[in-house]
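Peer 1: Sharing run26.csv (CSV, C-alpha atoms) below.
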chain,number,residue,atom,x,y,z
A,1,MET,CA,-106.5,28.5,-22.7
A,2,ALA,CA,-106.0,31.9,-21.2
A,3,ALA,CA,-102.9,32.8,-19.3
A,4,ALA,CA,-104.9,33.4,-16.1
A,5,GLY,CA,-105.3,29.6,-15.8
A,6,TRP,CA,-101.6,29.1,-16.5
A,7,GLU,CA,-100.5,31.5,-13.7
A,8,ALA,CA,-102.9,29.9,-11.2
A,9,VAL,CA,-101.7,26.4,-12.0
A,10,VAL,CA,-98.0,27.0,-11.9
A,11,GLY,CA,-98.4,28.8,-8.5
A,12,ALA,CA,-100.6,26.0,-7.0
A,13,ALA,CA,-98.4,23.2,-8.4
A,14,GLY,CA,-95.1,24.7,-7.6
A,15,VAL,CA,-93.7,25.0,-11.1
A,16,GLY,CA,-90.4,26.8,-11.2
A,17,ALA,CA,-86.7,26.4,-12.0
A,18,GLY,CA,-85.7,22.8,-12.6
A,19,THR,CA,-89.3,21.4,-12.5
A,20,SER,CA,-89.7,18.4,-14.8
A,21,LEU,CA,-93.0,19.1,-16.5
A,22,LEU,CA,-95.2,17.2,-18.9
A,23,ASP,CA,-98.1,19.0,-20.7
A,24,LEU,CA,-100.9,16.7,-22.0
A,25,GLY,CA,-102.5,18.0,-25.2
A,26,CYS,CA,-99.7,20.5,-25.5
A,27,GLY,CA,-100.9,21.9,-28.8
A,28,ASP,CA,-98.6,24.6,-30.2
A,29,GLY,CA,-96.6,24.7,-27.0
A,30,ALA,CA,-97.8,28.0,-25.7
A,31,PHE,CA,-98.0,26.8,-22.1
A,32,CYS,CA,-94.7,24.9,-22.4
A,33,ALA,CA,-93.1,28.2,-23.5
A,34,PHE,CA,-94.6,29.9,-20.5
A,35,ALA,CA,-93.4,27.2,-18.1
A,36,ALA,CA,-89.9,27.1,-19.8
A,37,ALA,CA,-89.6,30.9,-19.1
A,38,LEU,CA,-90.0,30.0,-15.4
A,39,GLY,CA,-87.1,27.5,-15.7
A,40,ALA,CA,-89.1,24.3,-16.0
A,41,VAL,CA,-87.8,21.5,-18.2
A,42,VAL,CA,-90.7,20.9,-20.5
A,43,HIS,CA,-92.1,17.9,-22.3
A,44,GLY,CA,-95.4,17.7,-24.2
A,45,ILE,CA,-97.6,15.3,-26.1
A,46,ASP,CA,-100.3,15.9,-28.7
A,47,ALA,CA,-102.1,14.0,-31.5
A,48,ASP,CA,-101.5,16.8,-34.0
A,49,PRO,CA,-98.1,16.7,-35.8
A,50,ASP,CA,-98.5,20.3,-37.1
A,51,ALA,CA,-99.1,21.5,-33.6
A,52,LEU,CA,-96.0,19.7,-32.3
A,53,ALA,CA,-93.9,21.3,-35.0
A,54,ALA,CA,-95.1,24.7,-33.8
A,55,ALA,CA,-94.3,23.7,-30.2
A,56,LEU,CA,-90.8,22.8,-31.1
A,57,GLU,CA,-90.4,26.2,-32.8
A,58,ARG,CA,-91.6,27.9,-29.6
A,59,VAL,CA,-89.4,25.8,-27.3
A,60,PRO,CA,-86.5,24.4,-29.3
A,61,GLY,CA,-85.1,22.5,-26.3
A,62,GLY,CA,-88.5,20.9,-25.4
A,63,ASP,CA,-89.3,17.2,-25.7
A,64,PHE,CA,-92.4,17.0,-27.8
A,65,ARG,CA,-93.9,13.6,-28.8
A,66,LEU,CA,-96.8,12.5,-31.0
A,67,GLY,CA,-99.3,10.3,-29.2
A,68,SER,CA,-102.4,10.0,-27.0
A,69,MET,CA,-103.0,11.0,-23.4
A,70,GLU,CA,-104.1,7.4,-22.7
A,71,SER,CA,-100.8,5.9,-23.6
A,72,LEU,CA,-97.8,8.1,-22.6
A,73,PRO,CA,-94.4,7.2,-24.0
A,74,TRP,CA,-92.5,7.9,-20.8
A,75,ASP,CA,-91.4,5.8,-17.9
A,76,ASP,CA,-93.1,5.6,-14.5
A,77,ALA,CA,-92.3,8.5,-12.1
A,78,SER,CA,-90.7,10.7,-14.7
A,79,PHE,CA,-92.1,14.1,-13.9
A,80,ASP,CA,-92.6,16.5,-11.0
A,81,VAL,CA,-95.7,18.0,-12.5
A,82,VAL,CA,-98.1,16.8,-15.2
A,83,THR,CA,-100.5,19.5,-16.6
A,84,ALA,CA,-103.5,19.4,-18.8
A,85,PHE,CA,-105.2,22.5,-20.0
A,86,ASP,CA,-108.6,22.1,-21.6
A,87,ALA,CA,-107.5,18.6,-22.7
A,88,VAL,CA,-108.7,15.8,-20.4
A,89,GLN,CA,-112.4,16.2,-21.3
A,90,TYR,CA,-111.5,15.6,-25.0
A,91,ALA,CA,-109.6,12.3,-24.3
A,92,LEU,CA,-111.1,9.2,-25.7
A,93,ASP,CA,-111.1,7.9,-22.1
A,94,PRO,CA,-110.6,10.7,-19.5
A,95,GLU,CA,-110.2,8.3,-16.6
A,96,ALA,CA,-107.4,6.4,-18.5
A,97,ALA,CA,-105.7,9.7,-19.3
A,98,LEU,CA,-105.6,10.6,-15.6
A,99,ILE,CA,-104.3,7.2,-14.7
A,100,GLU,CA,-101.5,7.6,-17.1
A,101,ALA,CA,-100.8,11.1,-15.8
A,102,ALA,CA,-100.5,9.6,-12.3
A,103,ARG,CA,-98.2,6.8,-13.6
A,104,VAL,CA,-95.7,9.2,-15.0
A,105,ALA,CA,-95.8,11.6,-12.1
A,106,ARG,CA,-93.4,11.0,-9.2
A,107,THR,CA,-94.9,9.8,-5.9
A,108,ASP,CA,-94.8,13.3,-4.5
A,109,GLY,CA,-95.6,14.9,-7.9
A,110,ARG,CA,-98.6,16.9,-8.9
A,111,ILE,CA,-101.2,16.5,-11.6
A,112,ALA,CA,-102.8,19.8,-12.6
A,113,VAL,CA,-106.0,19.8,-14.7
A,114,CYS,CA,-107.5,23.1,-15.8
A,115,LYS,CA,-110.5,23.6,-18.0
A,116,TRP,CA,-113.2,26.2,-18.8
A,117,GLY,CA,-115.9,26.4,-16.2
A,118,PRO,CA,-119.4,25.1,-16.6
A,119,PRO,CA,-121.7,26.6,-19.2
A,120,GLU,CA,-123.4,29.0,-16.7
A,121,SER,CA,-120.0,30.7,-16.1
A,122,ASN,CA,-118.8,30.6,-19.7
A,123,GLU,CA,-120.5,33.1,-22.0
A,124,PHE,CA,-118.5,32.1,-25.1
A,125,PHE,CA,-119.4,28.4,-24.7
A,126,GLY,CA,-123.0,29.3,-24.1
A,127,PHE,CA,-123.0,31.4,-27.2
A,128,LEU,CA,-121.5,28.6,-29.2
A,129,VAL,CA,-124.2,26.1,-27.9
A,130,ALA,CA,-126.9,28.6,-28.8
A,131,LEU,CA,-125.5,28.7,-32.4
A,132,GLY,CA,-125.4,24.9,-32.5
A,133,ALA,CA,-121.6,24.7,-32.9
A,134,ASN,CA,-120.6,21.2,-34.0
A,135,GLY,CA,-124.2,20.2,-33.7
A,136,VAL,CA,-124.2,20.6,-29.9
A,137,ARG,CA,-127.5,21.4,-28.3
A,138,ALA,CA,-128.0,22.7,-24.7
A,139,ASP,CA,-130.4,19.8,-24.0
A,140,ALA,CA,-127.7,17.3,-25.2
A,141,LEU,CA,-124.9,18.4,-22.9
A,142,PRO,CA,-123.6,15.8,-20.4
A,143,ALA,CA,-125.4,15.8,-17.0
A,144,THR,CA,-122.1,15.7,-15.2
A,145,ASP,CA,-118.6,17.1,-15.8
A,146,PRO,CA,-116.4,14.3,-17.4
A,147,VAL,CA,-113.3,15.7,-15.7
A,148,GLU,CA,-114.9,15.6,-12.3
A,149,ASP,CA,-116.2,12.1,-13.0
A,150,ALA,CA,-112.7,10.9,-14.0
A,151,ILE,CA,-111.1,12.5,-10.9
A,152,ARG,CA,-113.6,10.6,-8.7
A,153,ALA,CA,-113.1,7.4,-10.6
A,154,THR,CA,-109.3,7.4,-10.3
A,155,ARG,CA,-109.5,8.3,-6.6
A,156,LEU,CA,-106.5,10.6,-6.8
A,157,ASN,CA,-106.1,13.0,-3.9
A,158,VAL,CA,-107.6,16.4,-4.6
A,159,LEU,CA,-104.9,18.6,-3.0
A,160,GLY,CA,-106.4,21.9,-4.1
A,161,THR,CA,-108.9,23.4,-6.5
A,162,GLY,CA,-109.9,26.9,-7.5
A,163,GLU,CA,-111.4,29.2,-10.2
A,164,VAL,CA,-110.0,32.2,-12.0
A,165,THR,CA,-111.6,34.9,-14.1
A,166,ALA,CA,-110.6,34.5,-17.7
A,167,PRO,CA,-112.6,36.7,-20.1
A,168,ILE,CA,-112.3,36.1,-23.9
A,169,GLU,CA,-111.7,39.3,-25.8
A,170,ILE,CA,-112.0,39.3,-29.6
A,171,ALA,CA,-110.7,42.2,-31.7
A,172,ASN,CA,-113.4,42.7,-34.3
A,173,ASP,CA,-116.0,41.1,-36.5
A,174,ASP,CA,-113.4,39.4,-38.7
A,175,ALA,CA,-111.7,37.9,-35.7
A,176,LEU,CA,-115.1,36.8,-34.2
A,177,GLU,CA,-115.9,35.1,-37.5
A,178,ARG,CA,-112.6,33.2,-37.5
A,179,SER,CA,-113.2,32.1,-33.9
A,180,LEU,CA,-116.7,30.9,-34.6
A,181,VAL,CA,-115.7,29.0,-37.7
A,182,SER,CA,-112.8,27.3,-35.9
A,183,ALA,CA,-115.2,26.4,-33.0
A,184,GLY,CA,-117.5,24.6,-35.4
A,185,VAL,CA,-120.1,27.1,-36.5
A,186,ALA,CA,-120.6,26.2,-40.1
A,187,THR,CA,-120.9,29.8,-41.4
A,188,ALA,CA,-120.5,33.0,-39.5
A,189,THR,CA,-123.3,34.8,-41.3
A,190,THR,CA,-124.4,38.4,-40.7
A,191,SER,CA,-127.2,37.1,-38.5
A,192,VAL,CA,-124.7,35.2,-36.4
A,193,ILE,CA,-122.6,38.3,-36.0
A,194,ASP,CA,-125.7,40.2,-35.1
A,195,ALA,CA,-126.5,37.5,-32.4
A,196,ALA,CA,-123.2,38.5,-30.8
A,197,GLY,CA,-124.4,42.0,-30.3
A,198,PRO,CA,-124.8,41.7,-26.5
A,199,TYR,CA,-121.1,41.0,-26.2
A,200,ARG,CA,-120.0,43.8,-28.5
A,201,ARG,CA,-118.4,46.9,-27.0
A,202,SER,CA,-118.5,50.5,-28.2
A,203,ASP,CA,-115.0,50.2,-29.8
A,204,GLY,CA,-116.0,47.2,-31.9
A,205,THR,CA,-114.3,44.5,-29.8
A,206,TYR,CA,-116.2,41.6,-28.2
A,207,ARG,CA,-115.9,40.5,-24.6
A,208,PHE,CA,-117.2,37.2,-23.2
A,209,GLU,CA,-117.0,36.6,-19.5
A,210,ASN,CA,-115.7,33.2,-18.6
A,211,ARG,CA,-114.1,31.4,-15.7
A,212,GLN,CA,-111.6,28.6,-15.6
A,213,ARG,CA,-111.5,25.9,-13.0
A,214,PHE,CA,-108.5,23.9,-11.9
A,215,TRP,CA,-107.7,20.9,-9.7
A,216,ILE,CA,-104.3,20.0,-8.2
A,217,LEU,CA,-104.1,16.2,-7.8
A,218,GLY,CA,-101.6,13.9,-6.2
A,219,ARG,CA,-100.9,10.3,-5.5
A,220,GLY,CA,-100.1,11.0,-1.9
A,221,ARG,CA,-100.4,13.9,0.6
What does this structure look like when you write it as structure tokens?

Peer 2:
Amino acid sequence: MAAAGWEAVVGAAGVGAGTSLLDLGCGDGAFCAFAAALGAVVHGIDADPDALAAALERVPGGDFRLGSMESLPWDDASFDVVTAFDAVQYALDPEAALIEAARVARTDGRIAVCKWGPPESNEFFGFLVALGANGVRADALPATDPVEDAIRATRLNVLGTGEVTAPIEIANDDALERSLVSAGVATATTSVIDAAGPYRRSDGTYRFENRQRFWILGRGR
């Protein structure tokens, strides 16, 4: 998740010195480190123990726990802000994940969800779909956004929403190959690299135009 989304969310959600913050699907703790640098007291949860070990290295004073977004190991009303960057749509039950986020947020707290924009505004995702990454076909994509569906289902108050420009820049062919393999393209062959030609710049780098969308949610206004 690009830093543009982080900056937009911390501004909209009011993250700053002393903010008690929980990051869902925190991964290697990159956002938690960003928030901690602003003075936030950070906590995170992820299902990957290796990622949590990396998060603890990034933020030695952080509270990082192994678990799922649908069953958070914290008490009710524990946090000023709960964030989720490119995470809720991958929950086994996105609606349950948002309900849990609301449970652990304080009554006047904020829940901030940020994800990549729809395929038409996300060149890299569109490229992956065209390549059949993880077997995903364009005609098999969900008709509606699972995050928007979950927000409507939970009836949380939408206090704000926005979009930010967040291009993906990749240094060279080797870096593109690593990115494609990690995204589920079985083999980044020469033909696949050639297919990325429209995104290749004269200096050998690649640039994919993308946008991120975020929602600021609350239990009350």

Peer 1: For Glu100 (chain A), which residue among A:Leu24, A:Asn122, A:Gly39, A:Leu131 is the nearest when counting only C-alpha atoms?

Peer 2: A:Leu24

Peer 1: Please determine, counting only C-alpha atoms, which residue among A:Ala97, A:Val104, A:Leu72, A:Ala112 has the shortest atom-to-atom distance to Gly14 (chain A).

Peer 2: A:Ala112

Peer 1: Could you give me, as a PyMOL selection string, the residues that have an atom at most 6 Å away from the point (-104.3, 24.1, -15.4) in the coordinates of the file, using only C-alpha atoms?

Peer 2: chain A and resi 5-6+9+84-85+112-114+214

Peer 1: Looking at all atoms listed in the file, which of A:Ala13, A:Ala53, A:Ala183, A:Leu98 is the one that sits closest to Thr154 (chain A)?

Peer 2: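 Between A:Ala13, A:Ala53, A:Ala183, A:Leu98, the residue approaching Thr154 (chain A) most closely is A:Leu98.
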
Peer 1: So what do you get for CA of Val158 (chain A) versus CA of Met69 (chain A), distance-wise?

Peer 2: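 Atom-to-atom, CA of Val158 (chain A) and CA of Met69 (chain A) are spaced 20.1 Å apart.
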
Peer 1: Enter the distance from CA of Tyr206 (chain A) to CA of Leu180 (chain A), in Å, rounded to one decimal.

Peer 2: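 Result for CA of Tyr206 (chain A) versus CA of Leu180 (chain A): 12.5 Å, one decimal.
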
Peer 1: Using all atoms listed in the file for the distances, tell me which of A:Ala175, A:Leu38, A:Ala96, A:Ala195 is nearest to Ala153 (chain A).

Peer 2: A:Ala96

Peer 1: Would you mind telling me which residue in A:Val192, A:Ile216, A:Val185, A:Ala130 lies nearest to Asn157 (chain A) when using all atoms listed in the file?

Peer 2: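 Distance minimum relative to Asn157 (chain A) lands on A:Ile216.
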
Peer 1: Ranking A:Ala37, A:Asp28, A:Gly160, A:Leu52 by minimum distance to Arg110 (chain A) and counting only C-alpha atoms, which one comes first?

Peer 2: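 Closest candidate: A:Gly160.
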
Peer 1: Give me the residues near Ala3 (chain A) as a list in words, where near means some atom within 10 Å (using all atoms listed in the file) and where sequence neighbours in that chain fewer than 4 positions away do not count.

Peer 2: Glu7, Ala8, Val9, Ala30, Phe31, Phe34 and Ala166 of chain A

Peer 1: Quote the spacing between CA of Ala54 (chain A) and CA of Gly27 (chain A) in Å to one decimal place.

Peer 2: 8.2 Å

Peer 1: Would you kindly return, as a PyMOL selection string, each protein, DNA or RNA residue with an atom no farther than 9 Å from any atom of Glu169 (chain A), considering only C-alpha atoms and excluding same-chain residues fewer than 6 positions away?

Peer 2: chain A and resi 205-209

Peer 1: With a distance cut-off of 9 Å and all atoms listed in the file, select the neighbouring residues of Leu21 (chain A), excluding the residue or stretch itself and same-chain residues fewer than 6 positions from it, and output the selection as an MDAnalysis selection string.

Peer 2: chainID A and resid 15 32 35 40:44 78:83

Peer 1: Skip Gly204 (chain A) itself and residues of its chain fewer than 2 positions away, then list as a list in words all residues within 12 Å of it, counting all atoms listed in the file.

Peer 2: Glu169, Ile170, Ala171, Asn172, Asp173, Asp174, Ala175, Leu176, Ile193, Ala196, Gly197, Pro198, Tyr199, Arg200, Arg201, Ser202, Tyr206 and Arg207 of chain A

Peer 1: Leaving out Leu159 (chain A) and any residue of its chain fewer than 5 positions from it, which residues lie within 8 Å of it when counting only C-alpha atoms, given as number ranges by chain?

Peer 2: A: 215-218, 221
